[in-house]
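*Asks:* My structure is below; once you've seen it, I'll send some questions.
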Amino acid sequence: MRLPTLLLILAAMLIAAYFLGRQRALSLARPAGGIRSLHSLPKYYGYYAALGALLPGVALLLMWAAFSDSLITARVVQSLPDTLRNQPEAQLGLTLNDIRNLAAGQMFDETRSAEFAVAADLYNSLREASRKILSGLVIALSFGGFALAWFQLRPQFRARNRVESAVRFMLILASLLAIVTTIGILLSVSFEALRFFRQVPVSEFLFGLSWSPQTAIRADQVGSSGAFGAVPLFVGTLLISGIALLVAVPIGLMIAIYLSEYARPALRRIVKPVLEVLAGIPTVVYGYFAALTVAPMIRLAGQQLGLDVASEAALGAGLVMGIMIIPFVSSLSDDAINAVPQAMRDGSFALGATRSETIKRVVLPAALPGIVGGVLLAASRAIGETMIVVMAAGLSANLSFNPLESVTTVTVQIVTLLVGDQEFDSPKTLAAFALGLMLFIVTLILNIVALQVVRRYREQYE
Amino acid sequence: MQTMDKPQDAVASPAEAAAAPVAPVEAERVAHDTVGDVTAKNVVICVREANVYYGDTHALINVSLDIGRNEVIALIGPSGCGKSTFLRCLNRMNDTIESARVTGDFRLDGQDMYARDTDVVMLRARVGMVFQKPNPFPKSIYENVAYGARLHGLAANRAELDDIVYGSLERAGLVDEVKNRLDDPGTGLSGGQQQRLCIARTIAVNPEVILMDEPCSALDPIATARIEDLIDELSEKYAIAIVTHSMQQAARVSNRTAYFHLGRIIEVGPTDRIFTNPAHKLTEDYVTGRFG
Ligand SMILES: Nc1ncnc2c1ncn2[C@@H]1O[C@H](COP(=O)(O)OP(=O)(O)OP(=O)(O)O)[C@@H](O)[C@H]1O
Ligand SMILES: [Mg+2]
């Protein structure tokens, strides 16, 4: 039986279990004087029966998903002739891969010996058997679970409490999943980063002023010893994000103030979604705009002022990125300003404050946490943005605070390090993970700061 | 939003008349003016033929009333009868409501409050308002009281500002409770303290008239008594209009009382007469608790 069929059967059993459980509750209640004599509403007895049918089967399915393949593989390895079985670890992995491919019919290689075909057949038959056993077991377990639940049902059985704790458990599981994923990402990145730091000292990475990750492939190459000082990258990131925020924060804030305090509601209903479209434009398109329109304009303006402007200046990328993140600032600030109670404004007006005095002295301070939240979200977007910088600010890792020069950012370097052919244990490749880890830490710190700011000011007008 | 054209509805709309619970008396009301004397001695605010519409709702109908200096006038009446609407007209707080439209003649010291060249900011500085729900700003106690004085440049230096803040807190009867914690947030005070803070904030800008919309509705009896004492004191300097749902409170604090019903003022008179000897059937029903 295929997995989808099994899931369909499970679903059907689930629905049947619900109705049977509900029916049973009703028939239990009838002699005892109607559903008032039940502890919970009949539907909870139905849910309980359905959970009984669902949980054991699903638990088994998950376990099967986790362990079946390694068990089968172990059996296949045992069946292999000694010559193959006693290969080194990595070689054995390749052999097993070949066997799997052969079993799936994806590879037909005449040169492979008959041993492979035998192993592939064994693999297939084991999988087939395990699937059959699984189907039978799951259905049996579901029946068993349902029967167990069914016999527990009594008028005074606390079905609602049981169902609610099951629901709570599932909610906890869902949030754990998100946390575990984050931790998993962090661990995998840190693991690779550690390998990098074994080859390049942490102090050189953190404080080195020169970045040039090209290492020599052959011993006789010159000038490619590789330098892994991340400072130019972080300065570049800071510079471009800084320019972007200088554009986005004032403009976004003014838009938010206009929309929430001055514009008519009808206008606001139109303008706000239109602005949010800005955030939805693919960043590649912004990249074109920056490289083909804004950068030449800046160069021209610079020439007229007698300034020396690089053709891929940080300024262009920063300006366009600023436009891209305006909606993060404007939309969240607008929400925050709207959440300030009208009573605050009334209180200020009634003391003879003008609209702009009220906004400056009462509304904005009260909306500060939300505004800060929006700005920080925009900042993390700016820091993580790659495409615009690749297209408009270039790849050269200059250590410079001059917005008219070409700089590069952390994310851009991560991409260039990982694009193309690479060895997975050269410092050049591993550096990408170290950069990723640093970026993760920086954004984490930003978020913690944001949380602190918000917590500090939150309860003020409640 | 506000237009100053002639009142359009001299007569109640049919819907209004049909909604009236006491039909014969209500029919009479359409023809007659408010019972009692709407004028006051030493007038500071004079309202004639005021009408307010919220979209299609006709919330205030041909209301005329004077408020005199040094008097406390109580506005009473069942919920939804237009007391708050009337009060908000007196310092143009209805300007902030998109759908509100106000017509009629409103004068402060003889000057038209709704004239094109009226400075709303100055008007509101002269006619202060205390809201039903205390609404201190999310700032320190000191800054709450200093807010209006700063706006209007009432203090030349920090010492003068301190004087204004302490004086206002003193008059609002709050100074003893907060003098050691002026830098704490105003929102951290109890409900009654917050309301007195809002009163202090209002008197700090030295208005001529103070409008209070159910200032005690969120307060316990002790805090209420303190605010009533305060109103007594303030009435020596200011004209006060207070909306209240408590008949006892109206009787305790006010000199005159106006009874509102379905957007009209039914009866106006000296408070003791309104409560002991009301002239109108609706007023009598209300003050004796048969309507509510
Ligand atoms: N912002 C508004 N928009 C539309 N209608 C309103 C608005 N404010 C008040 N109204 C209507 O105007 C009428 C008078 O309301 P108002 O708030 O003046 O009553 P009130 O006498 O103060 O009542 P309460 O004693 O309950 O405070 C009511 O019918 C109300 O529904
Ligand atoms: Mg009201």
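Each chain of the structure tokens is named A, B, ... in the order shown, its residues numbered from 1; ligands are numbered from 1 in display order.
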Distance cut-off 6 Å, counting only C-alpha atoms - which residues of chain B neighbour chain A? Return them as a list in words.

*Replies:*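 That gives Val121, Arg124, Ala125, Gly128, Met129, Pro138 and Gly148 of chain B for chain B.
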
*Asks:* Could you pull out the residues sitting within 9 Å of ligand 2, using only C-alpha atoms and all ligand atoms, and write them as a list in words?

*Replies:*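 Result of the 9 Å neighbour search around ligand 2: Ser79, Gly80, Cys81, Gly82, Lys83, Ser84, Thr85, Leu87, Gln132, Asp213, Glu214, Val243 and Thr244 of chain B.
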
*Asks:* Please give me, as a short mmCIF file (atom, residue, chain, number, x, y, z; two decimals) with all heavy atoms, in the first residue's frame, the residues lying within 12 Å of ligand 1 when counting only C-alpha atoms and all ligand atoms.

*Replies:*
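Printed below is pocket23.cif as written:
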```
data_model
loop_
_atom_site.label_atom_id
_atom_site.label_comp_id
_atom_site.auth_asym_id
_atom_site.auth_seq_id
_atom_site.Cartn_x
_atom_site.Cartn_y
_atom_site.Cartn_z
N GLN A 342 -7.28 57.63 20.75
CA GLN A 342 -7.77 58.96 20.39
C GLN A 342 -7.82 59.85 21.63
O GLN A 342 -7.64 61.06 21.54
CB GLN A 342 -9.16 58.81 19.76
CG GLN A 342 -9.79 60.11 19.29
CD GLN A 342 -8.97 60.80 18.20
OE1 GLN A 342 -8.29 60.15 17.42
NE2 GLN A 342 -9.02 62.12 18.17
N GLU B 16 -37.39 61.49 14.75
CA GLU B 16 -37.13 61.93 16.11
C GLU B 16 -38.42 61.98 16.92
O GLU B 16 -38.50 61.51 18.04
CB GLU B 16 -36.49 63.32 16.12
CG GLU B 16 -35.04 63.32 15.72
CD GLU B 16 -34.18 62.76 16.84
OE1 GLU B 16 -34.61 62.75 18.00
OE2 GLU B 16 -33.07 62.30 16.52
N ALA B 19 -39.76 58.65 17.80
CA ALA B 19 -38.99 57.89 18.78
C ALA B 19 -39.26 58.34 20.20
O ALA B 19 -38.92 57.67 21.14
CB ALA B 19 -37.50 58.04 18.48
N ASN B 51 -27.41 73.11 16.52
CA ASN B 51 -27.78 71.81 15.98
C ASN B 51 -26.51 71.05 15.63
O ASN B 51 -25.58 71.64 15.08
CB ASN B 51 -28.63 71.95 14.71
CG ASN B 51 -30.06 72.35 15.04
OD1 ASN B 51 -30.87 71.51 15.38
ND2 ASN B 51 -30.34 73.65 14.97
N VAL B 52 -26.48 69.76 15.95
CA VAL B 52 -25.32 68.95 15.58
C VAL B 52 -25.81 67.70 14.88
O VAL B 52 -26.79 67.07 15.31
CB VAL B 52 -24.48 68.55 16.82
CG1 VAL B 52 -23.33 67.65 16.42
CG2 VAL B 52 -23.95 69.78 17.53
N TYR B 53 -25.14 67.38 13.78
CA TYR B 53 -25.46 66.17 13.03
C TYR B 53 -24.22 65.30 12.98
O TYR B 53 -23.12 65.79 12.72
CB TYR B 53 -25.87 66.50 11.60
CG TYR B 53 -26.97 67.54 11.51
CD1 TYR B 53 -26.67 68.89 11.59
CD2 TYR B 53 -28.30 67.14 11.33
CE1 TYR B 53 -27.67 69.84 11.51
CE2 TYR B 53 -29.30 68.09 11.24
CZ TYR B 53 -28.98 69.44 11.33
OH TYR B 53 -29.96 70.37 11.26
N TYR B 54 -24.41 64.01 13.25
CA TYR B 54 -23.34 63.03 12.94
C TYR B 54 -23.81 62.27 11.71
O TYR B 54 -24.63 61.37 11.83
CB TYR B 54 -23.15 62.05 14.08
CG TYR B 54 -22.62 62.65 15.37
CD1 TYR B 54 -23.43 62.74 16.49
CD2 TYR B 54 -21.31 63.10 15.45
CE1 TYR B 54 -22.95 63.26 17.67
CE2 TYR B 54 -20.82 63.64 16.64
CZ TYR B 54 -21.65 63.71 17.74
OH TYR B 54 -21.16 64.23 18.90
N GLY B 55 -23.34 62.63 10.55
CA GLY B 55 -23.89 62.02 9.34
C GLY B 55 -25.37 62.34 9.29
O GLY B 55 -25.76 63.50 9.26
N ASP B 56 -26.20 61.30 9.33
CA ASP B 56 -27.65 61.53 9.28
C ASP B 56 -28.28 61.65 10.66
O ASP B 56 -29.45 62.00 10.78
CB ASP B 56 -28.33 60.37 8.52
CG ASP B 56 -27.93 60.39 7.06
OD1 ASP B 56 -27.57 61.47 6.57
OD2 ASP B 56 -27.95 59.31 6.43
N THR B 57 -27.50 61.34 11.71
CA THR B 57 -28.06 61.43 13.05
C THR B 57 -28.13 62.90 13.49
O THR B 57 -27.13 63.61 13.43
CB THR B 57 -27.18 60.67 14.05
OG1 THR B 57 -26.79 59.44 13.47
CG2 THR B 57 -27.91 60.43 15.35
N HIS B 58 -29.30 63.31 13.90
CA HIS B 58 -29.47 64.67 14.39
C HIS B 58 -29.32 64.61 15.91
O HIS B 58 -30.26 64.31 16.63
CB HIS B 58 -30.86 65.17 13.99
CG HIS B 58 -31.00 66.65 14.11
ND1 HIS B 58 -32.06 67.33 13.58
CD2 HIS B 58 -30.21 67.59 14.66
CE1 HIS B 58 -31.93 68.63 13.82
NE2 HIS B 58 -30.81 68.81 14.47
N ALA B 59 -28.11 64.87 16.41
CA ALA B 59 -27.81 64.57 17.80
C ALA B 59 -28.17 65.71 18.75
O ALA B 59 -28.41 65.48 19.93
CB ALA B 59 -26.33 64.22 17.96
N LEU B 60 -28.20 66.93 18.25
CA LEU B 60 -28.51 68.08 19.10
C LEU B 60 -29.48 68.96 18.32
O LEU B 60 -29.22 69.31 17.17
CB LEU B 60 -27.22 68.85 19.41
CG LEU B 60 -27.11 69.52 20.78
CD1 LEU B 60 -27.30 68.49 21.87
CD2 LEU B 60 -25.74 70.17 20.92
N ILE B 61 -30.63 69.30 18.95
CA ILE B 61 -31.70 69.96 18.21
C ILE B 61 -32.05 71.29 18.86
O ILE B 61 -32.54 71.32 19.99
CB ILE B 61 -32.96 69.05 18.16
CG1 ILE B 61 -32.57 67.65 17.65
CG2 ILE B 61 -34.02 69.66 17.28
CD1 ILE B 61 -33.60 66.60 17.97
N LEU B 75 -25.24 69.38 33.57
CA LEU B 75 -26.00 68.89 32.42
C LEU B 75 -26.38 67.45 32.73
O LEU B 75 -25.52 66.61 32.92
CB LEU B 75 -25.17 68.95 31.14
CG LEU B 75 -24.44 70.26 30.86
CD1 LEU B 75 -23.64 70.15 29.57
CD2 LEU B 75 -25.41 71.43 30.78
N ILE B 76 -27.69 67.21 32.85
CA ILE B 76 -28.11 65.85 33.18
C ILE B 76 -29.06 65.35 32.09
O ILE B 76 -29.54 66.12 31.26
CB ILE B 76 -28.82 65.78 34.55
CG1 ILE B 76 -30.07 66.65 34.56
CG2 ILE B 76 -27.87 66.19 35.67
CD1 ILE B 76 -30.94 66.47 35.78
N GLY B 77 -29.30 64.05 32.11
CA GLY B 77 -30.21 63.47 31.14
C GLY B 77 -29.82 62.04 30.83
O GLY B 77 -28.71 61.62 31.13
N PRO B 78 -30.76 61.31 30.23
CA PRO B 78 -30.49 59.90 29.96
C PRO B 78 -29.34 59.72 28.95
O PRO B 78 -28.98 60.65 28.25
CB PRO B 78 -31.80 59.37 29.38
CG PRO B 78 -32.57 60.56 28.98
CD PRO B 78 -32.12 61.69 29.84
N SER B 79 -28.82 58.52 28.91
CA SER B 79 -27.69 58.22 28.02
C SER B 79 -28.06 58.46 26.56
O SER B 79 -29.16 58.14 26.14
CB SER B 79 -27.29 56.76 28.22
OG SER B 79 -26.13 56.49 27.51
N GLY B 80 -27.15 59.06 25.83
CA GLY B 80 -27.36 59.27 24.39
C GLY B 80 -28.20 60.49 24.06
O GLY B 80 -28.61 60.69 22.92
N CYS B 81 -28.46 61.36 25.06
CA CYS B 81 -29.35 62.50 24.80
C CYS B 81 -28.57 63.70 24.28
O CYS B 81 -29.17 64.73 23.97
CB CYS B 81 -30.11 62.87 26.07
SG CYS B 81 -29.02 63.46 27.36
N GLY B 82 -27.25 63.63 24.19
CA GLY B 82 -26.51 64.73 23.56
C GLY B 82 -25.73 65.61 24.51
O GLY B 82 -25.24 66.66 24.11
N LYS B 83 -25.57 65.19 25.77
CA LYS B 83 -24.84 66.03 26.73
C LYS B 83 -23.38 66.19 26.30
O LYS B 83 -22.86 67.31 26.24
CB LYS B 83 -24.89 65.40 28.14
CG LYS B 83 -26.28 65.08 28.61
CD LYS B 83 -26.27 64.41 29.97
CE LYS B 83 -25.59 63.06 29.99
NZ LYS B 83 -26.32 61.98 29.30
N SER B 84 -22.74 65.07 25.98
CA SER B 84 -21.33 65.16 25.58
C SER B 84 -21.21 65.94 24.28
O SER B 84 -20.28 66.74 24.10
CB SER B 84 -20.75 63.76 25.38
OG SER B 84 -20.82 63.03 26.56
N THR B 85 -22.11 65.70 23.38
CA THR B 85 -22.09 66.42 22.10
C THR B 85 -22.13 67.92 22.35
O THR B 85 -21.36 68.69 21.76
CB THR B 85 -23.29 65.97 21.25
OG1 THR B 85 -23.20 64.57 21.06
CG2 THR B 85 -23.29 66.68 19.92
N PHE B 86 -23.04 68.35 23.23
CA PHE B 86 -23.16 69.77 23.53
C PHE B 86 -21.85 70.30 24.13
O PHE B 86 -21.32 71.34 23.71
CB PHE B 86 -24.32 70.00 24.50
CG PHE B 86 -24.49 71.44 24.90
CD1 PHE B 86 -24.96 72.38 24.00
CD2 PHE B 86 -24.15 71.87 26.18
CE1 PHE B 86 -25.11 73.71 24.35
CE2 PHE B 86 -24.28 73.18 26.55
CZ PHE B 86 -24.76 74.11 25.63
N LEU B 87 -21.33 69.56 25.08
CA LEU B 87 -20.11 70.00 25.76
C LEU B 87 -18.96 70.13 24.76
O LEU B 87 -18.20 71.11 24.79
CB LEU B 87 -19.75 68.97 26.83
CG LEU B 87 -19.06 69.50 28.08
CD1 LEU B 87 -19.96 70.50 28.77
CD2 LEU B 87 -18.74 68.35 29.02
N ARG B 88 -18.86 69.15 23.87
CA ARG B 88 -17.74 69.17 22.91
C ARG B 88 -17.86 70.31 21.91
O ARG B 88 -16.86 70.73 21.34
CB ARG B 88 -17.65 67.83 22.18
CG ARG B 88 -17.21 66.67 23.07
CD ARG B 88 -17.39 65.33 22.37
NE ARG B 88 -16.49 65.22 21.23
CZ ARG B 88 -15.28 64.69 21.30
NH1 ARG B 88 -14.83 64.21 22.43
NH2 ARG B 88 -14.52 64.63 20.22
N CYS B 89 -19.10 70.80 21.70
CA CYS B 89 -19.26 71.97 20.82
C CYS B 89 -18.60 73.19 21.42
O CYS B 89 -18.16 74.09 20.70
CB CYS B 89 -20.74 72.30 20.63
SG CYS B 89 -21.58 71.14 19.59
N MET B 93 -14.31 70.57 20.10
CA MET B 93 -13.68 69.25 20.02
C MET B 93 -14.38 68.39 18.97
O MET B 93 -13.85 67.36 18.55
CB MET B 93 -13.73 68.54 21.38
CG MET B 93 -12.73 69.07 22.38
SD MET B 93 -11.03 68.94 21.82
CE MET B 93 -10.76 67.18 21.96
N ASN B 94 -15.58 68.79 18.55
CA ASN B 94 -16.24 68.04 17.49
C ASN B 94 -15.52 68.17 16.16
O ASN B 94 -15.77 67.39 15.24
CB ASN B 94 -17.70 68.49 17.34
CG ASN B 94 -18.57 67.92 18.42
OD1 ASN B 94 -18.33 66.80 18.88
ND2 ASN B 94 -19.55 68.68 18.87
N ASP B 95 -14.62 69.15 16.07
CA ASP B 95 -13.84 69.28 14.83
C ASP B 95 -13.07 68.01 14.51
O ASP B 95 -12.80 67.71 13.34
CB ASP B 95 -12.79 70.41 14.97
CG ASP B 95 -13.45 71.77 14.97
OD1 ASP B 95 -14.68 71.83 15.15
OD2 ASP B 95 -12.73 72.77 14.78
N THR B 96 -12.71 67.26 15.56
CA THR B 96 -11.89 66.07 15.32
C THR B 96 -12.73 64.89 14.85
O THR B 96 -12.18 63.86 14.49
CB THR B 96 -11.14 65.64 16.59
OG1 THR B 96 -12.10 65.36 17.60
CG2 THR B 96 -10.20 66.73 17.06
N ILE B 97 -14.06 65.04 14.90
CA ILE B 97 -14.90 63.93 14.44
C ILE B 97 -15.29 64.19 13.00
O ILE B 97 -15.93 65.19 12.68
CB ILE B 97 -16.15 63.78 15.33
CG1 ILE B 97 -15.71 63.45 16.76
CG2 ILE B 97 -17.06 62.69 14.80
CD1 ILE B 97 -16.84 63.40 17.74
N GLU B 98 -14.88 63.27 12.15
CA GLU B 98 -15.06 63.44 10.70
C GLU B 98 -16.51 63.73 10.32
O GLU B 98 -16.80 64.63 9.54
CB GLU B 98 -14.57 62.17 10.00
CG GLU B 98 -14.29 62.32 8.53
CD GLU B 98 -12.93 62.97 8.30
OE1 GLU B 98 -12.07 62.92 9.19
OE2 GLU B 98 -12.75 63.54 7.22
N SER B 99 -17.46 62.98 10.91
CA SER B 99 -18.84 63.05 10.42
C SER B 99 -19.63 64.17 11.07
O SER B 99 -20.77 64.41 10.68
CB SER B 99 -19.52 61.71 10.67
OG SER B 99 -19.60 61.49 12.07
N ALA B 100 -19.05 64.86 12.05
CA ALA B 100 -19.86 65.83 12.81
C ALA B 100 -20.04 67.13 12.03
O ALA B 100 -19.13 67.62 11.37
CB ALA B 100 -19.18 66.11 14.15
N ARG B 101 -21.27 67.68 12.10
CA ARG B 101 -21.53 68.97 11.47
C ARG B 101 -22.27 69.82 12.51
O ARG B 101 -23.25 69.37 13.09
CB ARG B 101 -22.40 68.79 10.22
CG ARG B 101 -22.40 69.97 9.28
CD ARG B 101 -22.88 69.53 7.90
NE ARG B 101 -24.23 69.00 7.96
CZ ARG B 101 -25.31 69.78 7.95
NH1 ARG B 101 -25.20 71.08 7.87
NH2 ARG B 101 -26.51 69.24 8.02
N PHE B 131 -12.00 64.95 30.59
CA PHE B 131 -12.76 63.89 29.94
C PHE B 131 -13.27 62.88 30.95
O PHE B 131 -12.82 62.82 32.09
CB PHE B 131 -11.89 63.19 28.90
CG PHE B 131 -11.49 64.09 27.78
CD1 PHE B 131 -10.39 64.93 27.90
CD2 PHE B 131 -12.24 64.15 26.62
CE1 PHE B 131 -10.04 65.78 26.87
CE2 PHE B 131 -11.89 64.99 25.58
CZ PHE B 131 -10.79 65.82 25.72
N GLN B 132 -14.23 62.10 30.46
CA GLN B 132 -14.87 61.10 31.32
C GLN B 132 -13.83 60.09 31.83
O GLN B 132 -13.78 59.80 33.01
CB GLN B 132 -15.94 60.39 30.50
CG GLN B 132 -16.52 59.17 31.17
CD GLN B 132 -17.74 58.66 30.43
OE1 GLN B 132 -18.16 59.22 29.44
NE2 GLN B 132 -18.31 57.60 30.94
N LYS B 133 -13.03 59.59 30.91
CA LYS B 133 -12.00 58.63 31.30
C LYS B 133 -10.70 59.40 31.46
O LYS B 133 -10.30 60.11 30.56
CB LYS B 133 -11.85 57.58 30.20
CG LYS B 133 -11.40 56.24 30.70
CD LYS B 133 -11.56 55.18 29.63
CE LYS B 133 -10.48 54.14 29.81
NZ LYS B 133 -9.49 54.15 28.73
N MET B 212 -16.49 69.62 32.04
CA MET B 212 -16.17 68.30 32.61
C MET B 212 -17.22 67.30 32.15
O MET B 212 -18.41 67.47 32.42
CB MET B 212 -16.15 68.36 34.13
CG MET B 212 -15.10 69.30 34.68
SD MET B 212 -15.06 69.20 36.46
CE MET B 212 -13.59 70.14 36.81
N ASP B 213 -16.77 66.24 31.48
CA ASP B 213 -17.70 65.23 30.99
C ASP B 213 -17.64 64.01 31.91
O ASP B 213 -16.72 63.20 31.81
CB ASP B 213 -17.33 64.85 29.55
CG ASP B 213 -18.45 64.08 28.87
OD1 ASP B 213 -19.38 63.66 29.57
OD2 ASP B 213 -18.38 63.92 27.64
N GLU B 214 -18.62 63.90 32.79
CA GLU B 214 -18.66 62.80 33.76
C GLU B 214 -17.30 62.55 34.39
O GLU B 214 -16.74 61.45 34.26
CB GLU B 214 -19.17 61.53 33.08
CG GLU B 214 -20.54 61.69 32.48
CD GLU B 214 -21.03 60.40 31.85
OE1 GLU B 214 -20.82 59.35 32.46
OE2 GLU B 214 -21.62 60.45 30.77
N PRO B 215 -16.74 63.55 35.06
CA PRO B 215 -15.36 63.38 35.56
C PRO B 215 -15.24 62.34 36.66
O PRO B 215 -14.15 61.87 36.94
CB PRO B 215 -15.01 64.77 36.09
CG PRO B 215 -16.32 65.37 36.46
CD PRO B 215 -17.31 64.84 35.46
N SER B 217 -17.09 59.40 36.85
CA SER B 217 -17.78 58.14 36.58
C SER B 217 -16.88 56.93 36.82
O SER B 217 -17.37 55.83 37.02
CB SER B 217 -18.31 58.12 35.16
OG SER B 217 -17.24 58.15 34.26
N ILE B 242 -20.62 70.80 33.96
CA ILE B 242 -20.30 69.42 34.30
C ILE B 242 -21.44 68.49 33.89
O ILE B 242 -22.60 68.75 34.20
CB ILE B 242 -19.97 69.28 35.81
CG1 ILE B 242 -19.76 67.82 36.18
CG2 ILE B 242 -21.05 69.89 36.68
CD1 ILE B 242 -19.24 67.62 37.58
N VAL B 243 -21.10 67.46 33.14
CA VAL B 243 -22.06 66.43 32.79
C VAL B 243 -22.00 65.37 33.87
O VAL B 243 -20.92 64.97 34.29
CB VAL B 243 -21.70 65.77 31.44
CG1 VAL B 243 -22.58 64.55 31.19
CG2 VAL B 243 -21.83 66.76 30.31
N THR B 244 -23.14 64.96 34.38
CA THR B 244 -23.11 63.92 35.39
C THR B 244 -24.35 63.05 35.30
O THR B 244 -25.42 63.49 34.87
CB THR B 244 -22.98 64.51 36.81
OG1 THR B 244 -23.08 63.44 37.75
CG2 THR B 244 -24.06 65.52 37.08
N HIS B 245 -24.18 61.79 35.66
CA HIS B 245 -25.32 60.88 35.74
C HIS B 245 -25.81 60.76 37.18
O HIS B 245 -26.78 60.05 37.43
CB HIS B 245 -24.93 59.50 35.21
CG HIS B 245 -25.00 59.40 33.73
ND1 HIS B 245 -26.19 59.35 33.06
CD2 HIS B 245 -24.04 59.39 32.77
CE1 HIS B 245 -25.97 59.29 31.76
NE2 HIS B 245 -24.65 59.32 31.56
N SER B 246 -25.11 61.42 38.09
CA SER B 246 -25.52 61.31 39.48
C SER B 246 -26.32 62.54 39.87
O SER B 246 -25.81 63.65 39.87
CB SER B 246 -24.27 61.16 40.37
OG SER B 246 -24.57 61.61 41.67
N ALA B 258 -29.39 71.83 33.70
CA ALA B 258 -30.12 71.72 32.43
C ALA B 258 -30.42 70.25 32.19
O ALA B 258 -29.55 69.41 32.31
CB ALA B 258 -29.28 72.28 31.29
N TYR B 259 -31.68 69.95 31.87
CA TYR B 259 -32.08 68.58 31.63
C TYR B 259 -32.19 68.33 30.12
O TYR B 259 -32.98 68.97 29.43
CB TYR B 259 -33.40 68.26 32.33
CG TYR B 259 -33.91 66.89 31.96
CD1 TYR B 259 -33.18 65.75 32.27
CD2 TYR B 259 -35.10 66.73 31.25
CE1 TYR B 259 -33.61 64.49 31.89
CE2 TYR B 259 -35.55 65.48 30.88
CZ TYR B 259 -34.80 64.37 31.19
OH TYR B 259 -35.22 63.13 30.81
N PHE B 260 -31.38 67.42 29.61
CA PHE B 260 -31.38 67.07 28.18
C PHE B 260 -32.23 65.84 27.97
O PHE B 260 -32.26 64.92 28.79
CB PHE B 260 -29.96 66.73 27.70
CG PHE B 260 -29.09 67.92 27.44
CD1 PHE B 260 -28.65 68.72 28.48
CD2 PHE B 260 -28.70 68.23 26.14
CE1 PHE B 260 -27.84 69.81 28.23
CE2 PHE B 260 -27.88 69.31 25.89
CZ PHE B 260 -27.46 70.11 26.93
N HIS B 261 -32.93 65.82 26.80
CA HIS B 261 -33.71 64.64 26.46
C HIS B 261 -33.77 64.53 24.94
O HIS B 261 -34.23 65.45 24.27
CB HIS B 261 -35.12 64.78 27.05
CG HIS B 261 -35.93 63.54 26.91
ND1 HIS B 261 -35.92 62.55 27.86
CD2 HIS B 261 -36.76 63.12 25.93
CE1 HIS B 261 -36.71 61.56 27.47
NE2 HIS B 261 -37.23 61.89 26.29
N LEU B 262 -33.27 63.43 24.40
CA LEU B 262 -33.29 63.18 22.96
C LEU B 262 -32.81 64.37 22.14
O LEU B 262 -33.42 64.76 21.16
CB LEU B 262 -34.71 62.80 22.52
CG LEU B 262 -35.19 61.42 22.97
CD1 LEU B 262 -36.63 61.20 22.56
CD2 LEU B 262 -34.31 60.32 22.43
N GLY B 263 -31.70 64.93 22.56
CA GLY B 263 -31.08 65.98 21.75
C GLY B 263 -31.59 67.38 22.03
O GLY B 263 -31.15 68.34 21.40
N ARG B 264 -32.58 67.52 22.94
CA ARG B 264 -33.07 68.86 23.27
C ARG B 264 -32.83 69.15 24.74
O ARG B 264 -32.73 68.23 25.55
CB ARG B 264 -34.58 68.95 23.04
CG ARG B 264 -35.00 68.76 21.63
CD ARG B 264 -36.46 68.39 21.60
NE ARG B 264 -36.79 67.80 20.31
CZ ARG B 264 -37.03 68.51 19.23
NH1 ARG B 264 -37.04 69.83 19.28
NH2 ARG B 264 -37.27 67.92 18.09
N ILE B 265 -32.79 70.45 25.06
CA ILE B 265 -32.83 70.82 26.47
C ILE B 265 -34.30 71.00 26.83
O ILE B 265 -34.99 71.85 26.27
CB ILE B 265 -32.06 72.12 26.75
CG1 ILE B 265 -30.57 71.92 26.42
CG2 ILE B 265 -32.21 72.51 28.21
CD1 ILE B 265 -29.69 73.07 26.80
N GLY B 292 -34.82 56.56 33.07
CA GLY B 292 -33.42 56.61 33.32
C GLY B 292 -32.49 56.19 32.30
O GLY B 292 -31.35 56.24 32.35
#
```

*Asks:* Just to confirm, what's the straight-line distance from atom CA of A:Ala117 to atom CA of A:Ser68 in Å (one decimal)?

*Replies:* 21.2 Å

*Asks:* Residues at most 8 Å from B:Phe275, counting only C-alpha atoms, excluding those fewer than 4 positions away in the same chain, as a short mmCIF file (atom, residue, chain, number, x, y, z; two decimals) with all heavy atoms, in the first residue's frame?

*Replies:*
```cif
data_model
loop_
_atom_site.label_atom_id
_atom_site.label_comp_id
_atom_site.auth_asym_id
_atom_site.auth_seq_id
_atom_site.Cartn_x
_atom_site.Cartn_y
_atom_site.Cartn_z
N ALA B 251 -26.89 67.92 42.39
CA ALA B 251 -27.47 68.73 43.46
C ALA B 251 -26.39 69.31 44.36
O ALA B 251 -26.50 70.44 44.83
CB ALA B 251 -28.44 67.87 44.29
N THR B 271 -30.66 74.77 40.41
CA THR B 271 -30.60 73.34 40.72
C THR B 271 -31.65 72.93 41.75
O THR B 271 -32.35 71.93 41.58
CB THR B 271 -29.19 72.99 41.24
OG1 THR B 271 -28.28 73.27 40.20
CG2 THR B 271 -29.10 71.53 41.61
N GLU B 284 -39.41 65.79 35.67
CA GLU B 284 -39.87 65.21 36.93
C GLU B 284 -39.64 63.69 36.93
O GLU B 284 -39.09 63.13 37.88
CB GLU B 284 -41.35 65.51 37.13
CG GLU B 284 -41.86 65.03 38.47
CD GLU B 284 -43.35 65.29 38.65
OE1 GLU B 284 -43.89 66.16 37.93
OE2 GLU B 284 -43.95 64.61 39.48
N VAL B 287 -35.77 63.13 37.34
CA VAL B 287 -35.14 63.41 38.64
C VAL B 287 -35.74 62.56 39.76
O VAL B 287 -35.09 62.33 40.77
CB VAL B 287 -35.19 64.91 39.02
CG1 VAL B 287 -34.45 65.74 38.00
CG2 VAL B 287 -36.61 65.38 39.22
#
```
